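Asks: File input03.cif below, mmCIF, C-alpha atoms:
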```cif
data_protein
loop_
_atom_site.group_PDB
_atom_site.id
_atom_site.type_symbol
_atom_site.label_atom_id
_atom_site.label_comp_id
_atom_site.auth_asym_id
_atom_site.auth_seq_id
_atom_site.Cartn_x
_atom_site.Cartn_y
_atom_site.Cartn_z
ATOM 1 C CA MET A 940 -52.248 -77.227 65.520
ATOM 2 C CA LYS A 941 -49.002 -76.634 67.429
ATOM 3 C CA SER A 942 -48.883 -73.027 66.153
ATOM 4 C CA THR A 943 -52.426 -72.419 67.386
ATOM 5 C CA ILE A 944 -51.659 -73.771 70.844
ATOM 6 C CA CYS A 945 -48.462 -71.713 71.053
ATOM 7 C CA VAL A 946 -50.235 -68.443 70.225
ATOM 8 C CA ILE A 947 -53.006 -69.137 72.758
ATOM 9 C CA ALA A 948 -50.391 -69.973 75.407
ATOM 10 C CA PHE A 949 -48.433 -66.809 74.600
ATOM 11 C CA SER A 950 -51.546 -64.617 74.881
ATOM 12 C CA LEU A 951 -52.584 -66.122 78.201
ATOM 13 C CA PHE A 952 -49.050 -66.126 79.616
ATOM 14 C CA SER A 953 -48.508 -62.460 78.733
ATOM 15 C CA CYS A 954 -51.674 -61.363 80.566
ATOM 16 C CA GLN A 955 -51.949 -61.363 84.336
ATOM 17 C CA LEU A 956 -55.361 -62.819 85.054
ATOM 18 C CA PHE A 957 -56.294 -61.111 88.275
ATOM 19 C CA ALA A 958 -58.411 -58.022 88.737
ATOM 20 C CA ALA A 959 -56.543 -54.748 88.576
ATOM 21 C CA ASP A 960 -57.644 -51.552 90.273
ATOM 22 C CA TYR A 961 -60.340 -50.033 88.073
ATOM 23 C CA GLU A 962 -62.272 -48.474 90.940
ATOM 24 C CA GLY A 963 -61.489 -44.986 89.646
ATOM 25 C CA LYS A 964 -63.229 -45.545 86.313
ATOM 26 C CA SER A 965 -66.938 -45.779 85.692
ATOM 27 C CA ASN A 966 -68.556 -48.322 83.410
ATOM 28 C CA ALA A 967 -69.171 -45.522 80.905
ATOM 29 C CA GLU A 968 -65.470 -44.576 80.857
ATOM 30 C CA LEU A 969 -64.437 -48.201 80.447
ATOM 31 C CA ALA A 970 -66.969 -48.678 77.640
ATOM 32 C CA ARG A 971 -65.479 -45.698 75.800
ATOM 33 C CA GLU A 972 -61.933 -47.031 76.181
ATOM 34 C CA LEU A 973 -62.964 -50.486 74.940
ATOM 35 C CA ALA A 974 -64.797 -48.958 71.966
ATOM 36 C CA ASN A 975 -61.563 -47.253 70.892
ATOM 37 C CA PRO A 976 -59.534 -49.630 68.671
ATOM 38 C CA ASN A 977 -56.417 -47.914 70.068
ATOM 39 C CA THR A 978 -57.455 -48.777 73.606
ATOM 40 C CA PRO A 979 -54.773 -48.926 76.310
ATOM 41 C CA LEU A 980 -56.693 -51.811 77.909
ATOM 42 C CA THR A 981 -55.717 -55.430 77.374
ATOM 43 C CA SER A 982 -58.675 -57.709 76.723
ATOM 44 C CA LEU A 983 -59.276 -61.336 75.830
ATOM 45 C CA LYS A 984 -62.234 -61.416 73.470
ATOM 46 C CA PHE A 985 -64.094 -64.654 72.745
ATOM 47 C CA LYS A 986 -66.495 -64.411 69.796
ATOM 48 C CA THR A 987 -69.037 -67.172 69.123
ATOM 49 C CA GLN A 988 -70.681 -66.810 65.710
ATOM 50 C CA TYR A 989 -73.428 -68.896 64.108
ATOM 51 C CA ARG A 990 -73.719 -68.525 60.318
ATOM 52 C CA THR A 991 -76.256 -69.558 57.728
ATOM 53 C CA TYR A 992 -75.424 -69.610 54.021
ATOM 54 C CA THR A 993 -76.925 -69.086 50.598
ATOM 55 C CA GLY A 994 -75.887 -69.431 46.975
ATOM 56 C CA ASP A 995 -76.589 -70.955 43.581
ATOM 57 C CA LEU A 996 -75.161 -74.380 44.412
ATOM 58 C CA ASP A 997 -77.548 -77.187 45.262
ATOM 59 C CA SER A 998 -78.475 -77.193 49.011
ATOM 60 C CA ALA A 999 -76.405 -74.029 49.652
ATOM 61 C CA SER A 1000 -79.230 -72.475 51.675
ATOM 62 C CA GLU A 1001 -79.369 -75.564 53.921
ATOM 63 C CA GLN A 1002 -75.795 -75.062 55.190
ATOM 64 C CA SER A 1003 -74.819 -73.581 58.566
ATOM 65 C CA GLY A 1004 -71.848 -73.603 60.916
ATOM 66 C CA THR A 1005 -70.383 -72.143 64.095
ATOM 67 C CA ARG A 1006 -67.128 -70.278 64.533
ATOM 68 C CA VAL A 1007 -65.428 -69.503 67.877
ATOM 69 C CA ILE A 1008 -62.709 -66.850 67.630
ATOM 70 C CA PHE A 1009 -60.197 -66.046 70.363
ATOM 71 C CA GLN A 1010 -59.083 -62.463 69.646
ATOM 72 C CA PRO A 1011 -56.965 -60.801 72.355
ATOM 73 C CA THR A 1012 -55.877 -57.167 72.139
ATOM 74 C CA LEU A 1013 -52.345 -56.700 73.512
ATOM 75 C CA PRO A 1014 -51.113 -53.075 73.703
ATOM 76 C CA PHE A 1015 -47.381 -52.445 74.218
ATOM 77 C CA PRO A 1016 -46.545 -48.788 75.106
ATOM 78 C CA MET A 1017 -43.445 -47.514 73.293
ATOM 79 C CA ALA A 1018 -40.833 -44.967 74.386
ATOM 80 C CA SER A 1019 -42.247 -42.555 71.773
ATOM 81 C CA ASP A 1020 -45.530 -42.371 73.767
ATOM 82 C CA ASN A 1021 -47.225 -44.290 70.950
ATOM 83 C CA THR A 1022 -48.341 -47.912 71.256
ATOM 84 C CA LEU A 1023 -47.764 -51.161 69.400
ATOM 85 C CA TYR A 1024 -50.989 -53.174 69.202
ATOM 86 C CA VAL A 1025 -50.806 -56.945 68.672
ATOM 87 C CA ARG A 1026 -54.136 -58.539 67.750
ATOM 88 C CA PRO A 1027 -54.058 -62.251 66.870
ATOM 89 C CA ALA A 1028 -57.263 -63.998 65.797
ATOM 90 C CA LEU A 1029 -57.487 -67.761 66.342
ATOM 91 C CA PRO A 1030 -60.600 -69.400 64.832
ATOM 92 C CA LEU A 1031 -62.141 -72.733 65.770
ATOM 93 C CA LEU A 1032 -64.615 -73.848 63.099
ATOM 94 C CA ILE A 1033 -67.359 -76.234 64.193
ATOM 95 C CA SER A 1034 -69.384 -78.152 61.581
ATOM 96 C CA SER A 1035 -68.242 -75.684 58.959
ATOM 97 C CA PRO A 1036 -69.598 -76.325 55.441
ATOM 98 C CA THR A 1037 -66.847 -76.859 52.861
ATOM 99 C CA LEU A 1038 -67.004 -77.471 49.135
ATOM 100 C CA ASN A 1039 -66.417 -80.869 47.532
ATOM 101 C CA SER A 1040 -65.008 -79.760 44.207
ATOM 102 C CA ASN A 1041 -64.898 -83.317 42.819
ATOM 103 C CA ASP A 1042 -68.399 -84.374 43.837
ATOM 104 C CA LEU A 1043 -71.105 -82.402 42.032
ATOM 105 C CA GLY A 1044 -73.813 -84.682 43.377
ATOM 106 C CA SER A 1045 -72.969 -83.753 46.957
ATOM 107 C CA PRO A 1046 -71.248 -80.339 46.823
ATOM 108 C CA PHE A 1047 -70.834 -79.886 50.601
ATOM 109 C CA SER A 1048 -69.234 -81.650 53.519
ATOM 110 C CA SER A 1049 -68.874 -80.628 57.161
ATOM 111 C CA GLU A 1050 -65.498 -80.047 58.847
ATOM 112 C CA THR A 1051 -64.447 -79.198 62.415
ATOM 113 C CA GLY A 1052 -61.016 -77.888 63.405
ATOM 114 C CA PHE A 1053 -58.809 -74.837 63.795
ATOM 115 C CA GLY A 1054 -58.542 -72.396 60.911
ATOM 116 C CA ASP A 1055 -55.727 -70.128 59.761
ATOM 117 C CA ILE A 1056 -54.404 -67.648 62.345
ATOM 118 C CA THR A 1057 -54.362 -63.958 61.434
ATOM 119 C CA ILE A 1058 -52.149 -61.481 63.314
ATOM 120 C CA ASP A 1059 -52.564 -57.730 62.990
ATOM 121 C CA LEU A 1060 -49.675 -55.475 64.115
ATOM 122 C CA GLN A 1061 -50.457 -51.756 64.339
ATOM 123 C CA TYR A 1062 -48.405 -48.826 65.635
ATOM 124 C CA GLY A 1063 -50.381 -45.738 66.574
ATOM 125 C CA ASP A 1064 -51.964 -43.465 69.133
ATOM 126 C CA THR A 1065 -55.061 -41.535 70.146
ATOM 127 C CA GLU A 1066 -54.297 -37.813 70.219
ATOM 128 C CA ALA A 1067 -55.596 -35.403 72.875
ATOM 129 C CA SER A 1068 -58.027 -34.076 70.262
ATOM 130 C CA GLY A 1069 -59.596 -37.536 69.956
ATOM 131 C CA PHE A 1070 -58.067 -38.232 66.542
ATOM 132 C CA LEU A 1071 -56.852 -41.850 66.357
ATOM 133 C CA TRP A 1072 -54.446 -43.334 63.840
ATOM 134 C CA SER A 1073 -52.336 -46.420 63.312
ATOM 135 C CA TYR A 1074 -50.425 -48.195 60.580
ATOM 136 C CA GLY A 1075 -48.763 -51.571 60.313
ATOM 137 C CA ALA A 1076 -49.125 -54.985 58.723
ATOM 138 C CA THR A 1077 -51.405 -58.012 58.725
ATOM 139 C CA THR A 1078 -50.345 -61.602 58.152
ATOM 140 C CA THR A 1079 -52.202 -64.913 57.955
ATOM 141 C CA MET A 1080 -50.468 -68.196 58.739
ATOM 142 C CA PRO A 1081 -51.506 -71.602 57.321
ATOM 143 C CA THR A 1082 -52.335 -73.227 60.659
ATOM 144 C CA ALA A 1083 -55.599 -74.961 59.696
ATOM 145 C CA THR A 1084 -55.850 -78.489 61.041
ATOM 146 C CA GLU A 1085 -57.904 -79.617 58.029
ATOM 147 C CA ASP A 1086 -57.049 -78.766 54.417
ATOM 148 C CA LYS A 1087 -60.521 -77.441 53.634
ATOM 149 C CA LEU A 1088 -60.534 -75.090 56.636
ATOM 150 C CA GLY A 1089 -57.637 -72.971 55.346
ATOM 151 C CA ALA A 1090 -55.935 -71.731 52.206
ATOM 152 C CA ASP A 1091 -52.540 -73.338 52.933
ATOM 153 C CA LYS A 1092 -50.929 -69.986 52.130
ATOM 154 C CA TRP A 1093 -48.859 -67.426 54.022
ATOM 155 C CA THR A 1094 -50.198 -63.935 53.347
ATOM 156 C CA LEU A 1095 -48.820 -60.506 54.204
ATOM 157 C CA GLY A 1096 -49.801 -56.918 53.531
ATOM 158 C CA PRO A 1097 -50.109 -53.356 54.861
ATOM 159 C CA GLY A 1098 -52.886 -51.863 56.928
ATOM 160 C CA PHE A 1099 -53.845 -48.484 58.365
ATOM 161 C CA GLN A 1100 -56.570 -46.989 60.524
ATOM 162 C CA LEU A 1101 -58.093 -43.530 61.039
ATOM 163 C CA GLY A 1102 -60.841 -42.447 63.401
ATOM 164 C CA LYS A 1103 -62.220 -40.125 66.017
ATOM 165 C CA VAL A 1104 -63.103 -40.615 69.696
ATOM 166 C CA SER A 1105 -65.422 -38.361 71.676
ATOM 167 C CA LYS A 1106 -67.358 -38.694 74.913
ATOM 168 C CA SER A 1107 -70.423 -40.117 73.150
ATOM 169 C CA TYR A 1108 -69.108 -41.830 70.006
ATOM 170 C CA VAL A 1109 -66.211 -43.557 68.258
ATOM 171 C CA ALA A 1110 -66.052 -43.663 64.460
ATOM 172 C CA GLY A 1111 -63.537 -44.522 61.771
ATOM 173 C CA GLY A 1112 -62.248 -47.190 59.460
ATOM 174 C CA PHE A 1113 -59.527 -49.818 59.143
ATOM 175 C CA PHE A 1114 -58.180 -50.995 55.785
ATOM 176 C CA ASN A 1115 -55.740 -53.769 54.945
ATOM 177 C CA HIS A 1116 -54.696 -55.783 51.925
ATOM 178 C CA GLN A 1117 -53.029 -59.198 51.926
ATOM 179 C CA TRP A 1118 -51.180 -61.043 49.179
ATOM 180 C CA SER A 1119 -50.077 -64.670 49.324
ATOM 181 C CA VAL A 1120 -46.276 -64.806 49.669
ATOM 182 C CA ALA A 1121 -45.616 -68.509 50.298
ATOM 183 C CA GLY A 1122 -47.325 -71.847 50.831
ATOM 184 C CA SER A 1123 -48.417 -74.864 48.839
ATOM 185 C CA GLY A 1124 -52.066 -73.911 48.266
ATOM 186 C CA GLU A 1125 -53.199 -73.902 44.649
ATOM 187 C CA GLN A 1126 -55.107 -70.599 44.784
ATOM 188 C CA ASP A 1127 -53.215 -67.281 44.945
ATOM 189 C CA ILE A 1128 -54.635 -64.726 47.387
ATOM 190 C CA SER A 1129 -55.142 -61.002 46.859
ATOM 191 C CA LEU A 1130 -57.724 -59.795 49.366
ATOM 192 C CA SER A 1131 -58.733 -56.265 50.405
ATOM 193 C CA THR A 1132 -60.594 -55.726 53.688
ATOM 194 C CA LEU A 1133 -62.341 -52.565 54.893
ATOM 195 C CA GLN A 1134 -63.887 -52.385 58.350
ATOM 196 C CA LEU A 1135 -65.927 -49.271 59.056
ATOM 197 C CA PHE A 1136 -66.868 -48.736 62.695
ATOM 198 C CA GLY A 1137 -69.292 -46.439 64.427
ATOM 199 C CA VAL A 1138 -70.102 -46.728 68.132
ATOM 200 C CA TYR A 1139 -72.649 -44.646 70.045
ATOM 201 C CA LEU A 1140 -72.109 -44.491 73.815
ATOM 202 C CA PRO A 1141 -75.340 -43.485 75.608
ATOM 203 C CA GLY A 1142 -73.817 -43.959 79.078
ATOM 204 C CA GLY A 1143 -73.963 -46.505 81.857
ATOM 205 C CA GLY A 1144 -71.535 -48.806 80.069
ATOM 206 C CA TRP A 1145 -73.857 -49.362 77.091
ATOM 207 C CA SER A 1146 -72.770 -49.211 73.462
ATOM 208 C CA VAL A 1147 -74.688 -49.398 70.196
ATOM 209 C CA ALA A 1148 -72.462 -50.091 67.221
ATOM 210 C CA THR A 1149 -72.045 -51.049 63.618
ATOM 211 C CA SER A 1150 -68.747 -52.450 62.322
ATOM 212 C CA PRO A 1151 -69.237 -54.275 59.016
ATOM 213 C CA ILE A 1152 -66.165 -56.089 57.653
ATOM 214 C CA MET A 1153 -66.251 -55.836 53.852
ATOM 215 C CA THR A 1154 -63.890 -57.843 51.653
ATOM 216 C CA TYR A 1155 -63.043 -57.914 47.965
ATOM 217 C CA ASP A 1156 -61.331 -60.932 46.416
ATOM 218 C CA HIS A 1157 -59.186 -59.664 43.538
ATOM 219 C CA GLU A 1158 -58.461 -63.203 42.324
ATOM 220 C CA GLU A 1159 -62.088 -64.336 42.147
ATOM 221 C CA GLY A 1160 -63.525 -60.884 41.478
ATOM 222 C CA GLY A 1161 -66.206 -60.984 44.193
ATOM 223 C CA ALA A 1162 -67.180 -58.877 47.212
ATOM 224 C CA THR A 1163 -68.634 -59.838 50.607
ATOM 225 C CA ILE A 1164 -70.587 -56.980 52.212
ATOM 226 C CA PRO A 1165 -72.589 -57.308 55.448
ATOM 227 C CA VAL A 1166 -74.929 -54.948 57.269
ATOM 228 C CA ASN A 1167 -73.865 -55.146 60.926
ATOM 229 C CA PHE A 1168 -75.570 -54.154 64.183
ATOM 230 C CA ALA A 1169 -74.340 -54.754 67.741
ATOM 231 C CA VAL A 1170 -75.349 -53.897 71.305
ATOM 232 C CA GLY A 1171 -72.864 -54.147 74.182
ATOM 233 C CA LYS A 1172 -72.658 -53.606 77.917
ATOM 234 C CA THR A 1173 -69.499 -53.055 79.994
ATOM 235 C CA VAL A 1174 -69.692 -54.011 83.657
ATOM 236 C CA LYS A 1175 -67.318 -54.715 86.540
ATOM 237 C CA LEU A 1176 -67.520 -58.161 88.131
ATOM 238 C CA ASN A 1177 -65.416 -58.633 91.281
ATOM 239 C CA GLY A 1178 -63.413 -55.572 90.277
ATOM 240 C CA ARG A 1179 -62.646 -56.747 86.738
ATOM 241 C CA PRO A 1180 -64.202 -55.025 83.707
ATOM 242 C CA TRP A 1181 -66.035 -57.280 81.257
ATOM 243 C CA LYS A 1182 -67.672 -56.366 77.983
ATOM 244 C CA PHE A 1183 -70.602 -58.435 76.755
ATOM 245 C CA ALA A 1184 -72.134 -57.901 73.327
ATOM 246 C CA VAL A 1185 -74.473 -59.454 70.789
ATOM 247 C CA GLU A 1186 -74.226 -58.731 67.079
ATOM 248 C CA VAL A 1187 -76.013 -59.579 63.841
ATOM 249 C CA ASN A 1188 -74.816 -59.560 60.231
ATOM 250 C CA TYR A 1189 -77.015 -59.696 57.150
ATOM 251 C CA TYR A 1190 -74.954 -60.161 54.010
ATOM 252 C CA VAL A 1191 -76.248 -58.002 51.161
ATOM 253 C CA GLU A 1192 -73.465 -59.162 48.836
ATOM 254 C CA GLN A 1193 -71.565 -62.464 48.691
ATOM 255 C CA ALA A 1194 -70.135 -64.890 46.178
ATOM 256 C CA ASP A 1195 -72.916 -66.134 43.873
ATOM 257 C CA PRO A 1196 -72.127 -69.880 44.094
ATOM 258 C CA PHE A 1197 -71.877 -69.975 47.899
ATOM 259 C CA GLY A 1198 -71.512 -67.420 50.691
ATOM 260 C CA PRO A 1199 -72.801 -66.333 54.110
ATOM 261 C CA ASP A 1200 -76.383 -65.129 54.516
ATOM 262 C CA TRP A 1201 -76.844 -64.362 58.247
ATOM 263 C CA MET A 1202 -74.506 -64.306 61.248
ATOM 264 C CA ILE A 1203 -75.568 -64.098 64.895
ATOM 265 C CA GLY A 1204 -72.765 -63.629 67.415
ATOM 266 C CA VAL A 1205 -72.125 -63.357 71.148
ATOM 267 C CA ASN A 1206 -68.915 -61.680 72.348
ATOM 268 C CA VAL A 1207 -67.370 -61.893 75.819
ATOM 269 C CA ALA A 1208 -64.226 -59.882 76.641
ATOM 270 C CA PRO A 1209 -62.637 -59.698 80.110
ATOM 271 C CA VAL A 1210 -60.108 -56.910 80.669
ATOM 272 C CA VAL A 1211 -56.801 -58.216 82.029
ATOM 273 C CA LYS A 1212 -53.308 -56.969 82.796
ATOM 274 C CA ASN A 1213 -50.547 -57.368 80.206
ATOM 275 C CA MET A 1214 -47.554 -58.608 82.215
ATOM 276 C CA LEU A 1215 -45.327 -58.911 79.154
ATOM 277 C CA ALA A 1216 -45.719 -55.190 78.439
ATOM 278 C CA GLU A 1217 -44.444 -54.445 81.960
ATOM 279 C CA TRP A 1218 -41.381 -56.637 81.494
ATOM 280 C CA LEU A 1219 -40.347 -55.013 78.191
#
```
Can I see the file as structure tokens?
Replies:
Amino acid sequence: MKSTICVIAFSLFSCQLFAADYEGKSNAELARELANPNTPLTSLKFKTQYRTYTGDLDSASEQSGTRVIFQPTLPFPMASDNTLYVRPALPLLISSPTLNSNDLGSPFSSETGFGDITIDLQYGDTEASGFLWSYGATTTMPTATEDKLGADKWTLGPGFQLGKVSKSYVAGGFFNHQWSVAGSGEQDISLSTLQLFGVYLPGGGWSVATSPIMTYDHEEGGATIPVNFAVGKTVKLNGRPWKFAVEVNYYVEQADPFGPDWMIGVNVAPVVKNMLAEWL
């Protein structure tokens, strides 16, 4: 819990929360910059996601839960003209279904609390040609406030990203793999994640996108694969850019005993000024 609060405080403290001068950029230009994962803009994204579930276990299809994720993007320009991107993800799980391994008569219970924090560090750039690249590492910390909401493991592993930005689209992919390196959890972790992204930018600040996050659990031998669709709109309110989006996942592959079925999400991301980057 203390770790979660500290990361939230750090993210808010490092970002100056007053409107900067974006008068020279149109909504379409801002939408293109925010669609680029190597964006120079600092944003504070809040994702609210409602999930339903399915599976072979009794009453699996009756389960549902809500997840609120605070996911800032903090770019730090380097002397090399490249950028270090810091992207923490802090989840709050509300009425999340969890498994009761010792109670076969009632296999599920409901838990509310903070989950494990994941931090992605990437070093990269977007070239003048529109080619984007980055490489770095991803780590997950055992910060869950309830045992069933986290793995109680520290994980660490490499990640890299390749893509292309043009006036009307952004496309590419991000891959990372994490292994458990410490912690008292009983289950070892070896997890591969691939996020493919494609964004069409028709103009006026609108975006139509797909960015499914596919995972493969090497320990359990199962994959989670969603079909994703999202629509977003970037606007300026009192001089500050905001991006609003809605997205839907339908999971075509998940763990047979229990896994997600549908996800409906609403994302809100104000653009702010990264004061810490100016001090460094």
Asks: Which residue, A:Asn1039, A:Asn1206, A:Ser1049, A:Ser1123, has the smallest gap to Phe985 of chain A when you use all atoms listed in the file?
Replies: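 Of all the options, A:Asn1206 lies closest to Phe985 of chain A.
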Asks: Measuring between all atoms listed in the file, which one of A:Val1109, A:Ala1121, A:Met1153, A:Met1017 shows the shortest distance to Val1138 of chain A?
Replies: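 Nearest candidate to Val1138 of chain A out of A:Val1109, A:Ala1121, A:Met1153, A:Met1017: A:Val1109.
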Asks: Go ahead and compute the interatomic distance for atom CA of Leu1032 of chain A and atom CA of Leu1088 of chain A, in Å to one decimal.
Replies: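 Separating atom CA of Leu1032 of chain A from atom CA of Leu1088 of chain A is a distance of 7.7 Å.
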Asks: Neighbours of Leu973 of chain A within 12 Å (all atoms listed in the file; same-chain residues fewer than 4 positions away dropped), as a VMD selection string?
Replies: chain A and resid 966 to 969 977 to 984 1012 1104 1108 to 1109 1138 1140 1144 to 1146 1171 to 1174 1180 to 1184 1208 to 1210
Asks: Counting all atoms listed in the file, figure out which residue out of A:Leu1031, A:Met1080, A:Thr1149, A:Ser1105 gets nearest to Ala1067 of chain A.
Replies: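 Of A:Leu1031, A:Met1080, A:Thr1149, A:Ser1105, the one nearest Ala1067 of chain A, counting all atoms listed in the file, is A:Ser1105.
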Asks: Hey, can you check how far atom CA of Tyr1190 of chain A sits from atom CA of Pro1036 of chain A?
Replies: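 It comes out at 17.1 Å.
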Asks: Taking the file as shown, find all residues satisfying the PyMOL selection byres ((chain A and resi 1154) around 8) and write them as a list of chain:residue names.
Replies: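 That expression, the PyMOL selection byres ((chain A and resi 1154) around 8), corresponds here to A:Leu1130, A:Ser1131, A:Thr1132, A:Leu1133, A:Ile1152, A:Met1153, A:Tyr1155, A:Asp1156, A:Ala1162, A:Thr1163, A:Ile1164.
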Asks: Go through A:Ser1019, A:Thr1094, A:Thr1005, A:Asn975 and flag the residue nearest Ile1203 of chain A, using only C-alpha atoms for the distances.
Replies: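 Ranked by minimum distance to Ile1203 of chain A, first place goes to A:Thr1005.
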Asks: If we count only C-alpha atoms and set the cut-off at 7 Å, which residues sit around Phe1009 of chain A, ignoring sequence neighbours fewer than 2 positions away in its own chain? Please answer as a ChimeraX atom specification.
Replies: /A:984-986,1007,1011,1028-1030
Asks: List the residues matched by the PyMOL selection byres ((chain A and resi 1119) around 12) in the displayed structure as a PyMOL selection string, ordered by chain and then by residue number.
Replies: chain A and resi 1077-1081+1090-1096+1116-1118+1120-1130+1157-1158
Asks: Using all atoms listed in the file, find all polymer residues with an atom at most 6 Å away from the point (-77.2, -66.6, 58.1); report them as a PyMOL selection string.
Replies: chain A and resi 990-992+1199-1202
Asks: Please evaluate the PyMOL selection byres ((chain A and resi 1051) around 6) against the displayed coordinates and give the resulting residues as a PyMOL selection string.
Replies: chain A and resi 1032-1034+1050+1052
Asks: Between atom CA of Val1025 of chain A and atom CA of Gly1004 of chain A, measure the distance and give it in Å to one decimal.
Replies: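 Result for atom CA of Val1025 of chain A versus atom CA of Gly1004 of chain A: 27.9 Å, one decimal.
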Asks: Given only C-alpha atoms as the basis, pick out the residue of A:Leu1135, A:Val1147, A:Val1205, A:Val1166 nearest to Pro976 of chain A.
Replies: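 Comparing A:Leu1135, A:Val1147, A:Val1205, A:Val1166 against Pro976 of chain A, the winner is A:Leu1135.
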Asks: Could you list, as a ChimeraX atom specification, every residue within 6 Å of Ala1194 of chain A, counting all atoms listed in the file and ignoring same-chain residues fewer than 3 positions away?
Replies: /A:1161,1197-1198
Asks: From the options A:Leu1060, A:Asn1021, A:Gly1143, A:Leu1101, which residue's atoms come nearest to Lys1175 of chain A, counting all atoms listed in the file?
Replies: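 Between A:Leu1060, A:Asn1021, A:Gly1143, A:Leu1101, the residue approaching Lys1175 of chain A most closely is A:Gly1143.
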Asks: Kindly reconstruct segment 1192-1197 of chain A with all heavy atoms and present the result as a CSV table (one decimal), in the frame of the given file.
Replies:
```csv
chain,number,residue,atom,x,y,z
A,1192,GLU,N,-74.3,-58.8,50.0
A,1192,GLU,CA,-73.5,-59.2,48.8
A,1192,GLU,C,-72.5,-60.3,49.3
A,1192,GLU,O,-71.9,-60.2,50.3
A,1192,GLU,CB,-72.6,-58.0,48.3
A,1192,GLU,CG,-71.9,-58.3,47.0
A,1192,GLU,CD,-72.7,-58.4,45.8
A,1192,GLU,OE1,-73.8,-57.8,45.8
A,1192,GLU,OE2,-72.4,-59.1,44.9
A,1193,GLN,N,-72.5,-61.3,48.4
A,1193,GLN,CA,-71.6,-62.5,48.7
A,1193,GLN,C,-71.3,-63.2,47.4
A,1193,GLN,O,-72.0,-62.9,46.4
A,1193,GLN,CB,-72.1,-63.4,49.8
A,1193,GLN,CG,-73.3,-64.2,49.4
A,1193,GLN,CD,-74.6,-63.4,49.5
A,1193,GLN,OE1,-75.1,-63.0,48.4
A,1193,GLN,NE2,-75.1,-63.2,50.7
A,1194,ALA,N,-70.4,-64.1,47.4
A,1194,ALA,CA,-70.1,-64.9,46.2
A,1194,ALA,C,-71.4,-65.6,45.7
A,1194,ALA,O,-72.1,-66.2,46.5
A,1194,ALA,CB,-69.0,-65.9,46.4
A,1195,ASP,N,-71.7,-65.5,44.4
A,1195,ASP,CA,-72.9,-66.1,43.9
A,1195,ASP,C,-73.0,-67.6,44.1
A,1195,ASP,O,-74.1,-68.1,44.5
A,1195,ASP,CB,-73.0,-65.8,42.4
A,1195,ASP,CG,-73.3,-64.4,42.1
A,1195,ASP,OD1,-73.9,-63.7,43.0
A,1195,ASP,OD2,-73.0,-63.9,41.0
A,1196,PRO,N,-72.0,-68.4,43.9
A,1196,PRO,CA,-72.1,-69.9,44.1
A,1196,PRO,C,-72.4,-70.3,45.5
A,1196,PRO,O,-73.3,-71.1,45.8
A,1196,PRO,CB,-70.8,-70.5,43.6
A,1196,PRO,CG,-70.2,-69.4,42.8
A,1196,PRO,CD,-70.6,-68.1,43.3
A,1197,PHE,N,-71.7,-69.6,46.5
A,1197,PHE,CA,-71.9,-70.0,47.9
A,1197,PHE,C,-71.3,-68.9,48.8
A,1197,PHE,O,-70.1,-68.5,48.6
A,1197,PHE,CB,-71.2,-71.3,48.2
A,1197,PHE,CG,-71.3,-71.8,49.6
A,1197,PHE,CD1,-72.6,-72.1,50.1
A,1197,PHE,CD2,-70.2,-71.9,50.4
A,1197,PHE,CE1,-72.7,-72.6,51.4
A,1197,PHE,CE2,-70.3,-72.3,51.7
A,1197,PHE,CZ,-71.6,-72.7,52.2
```
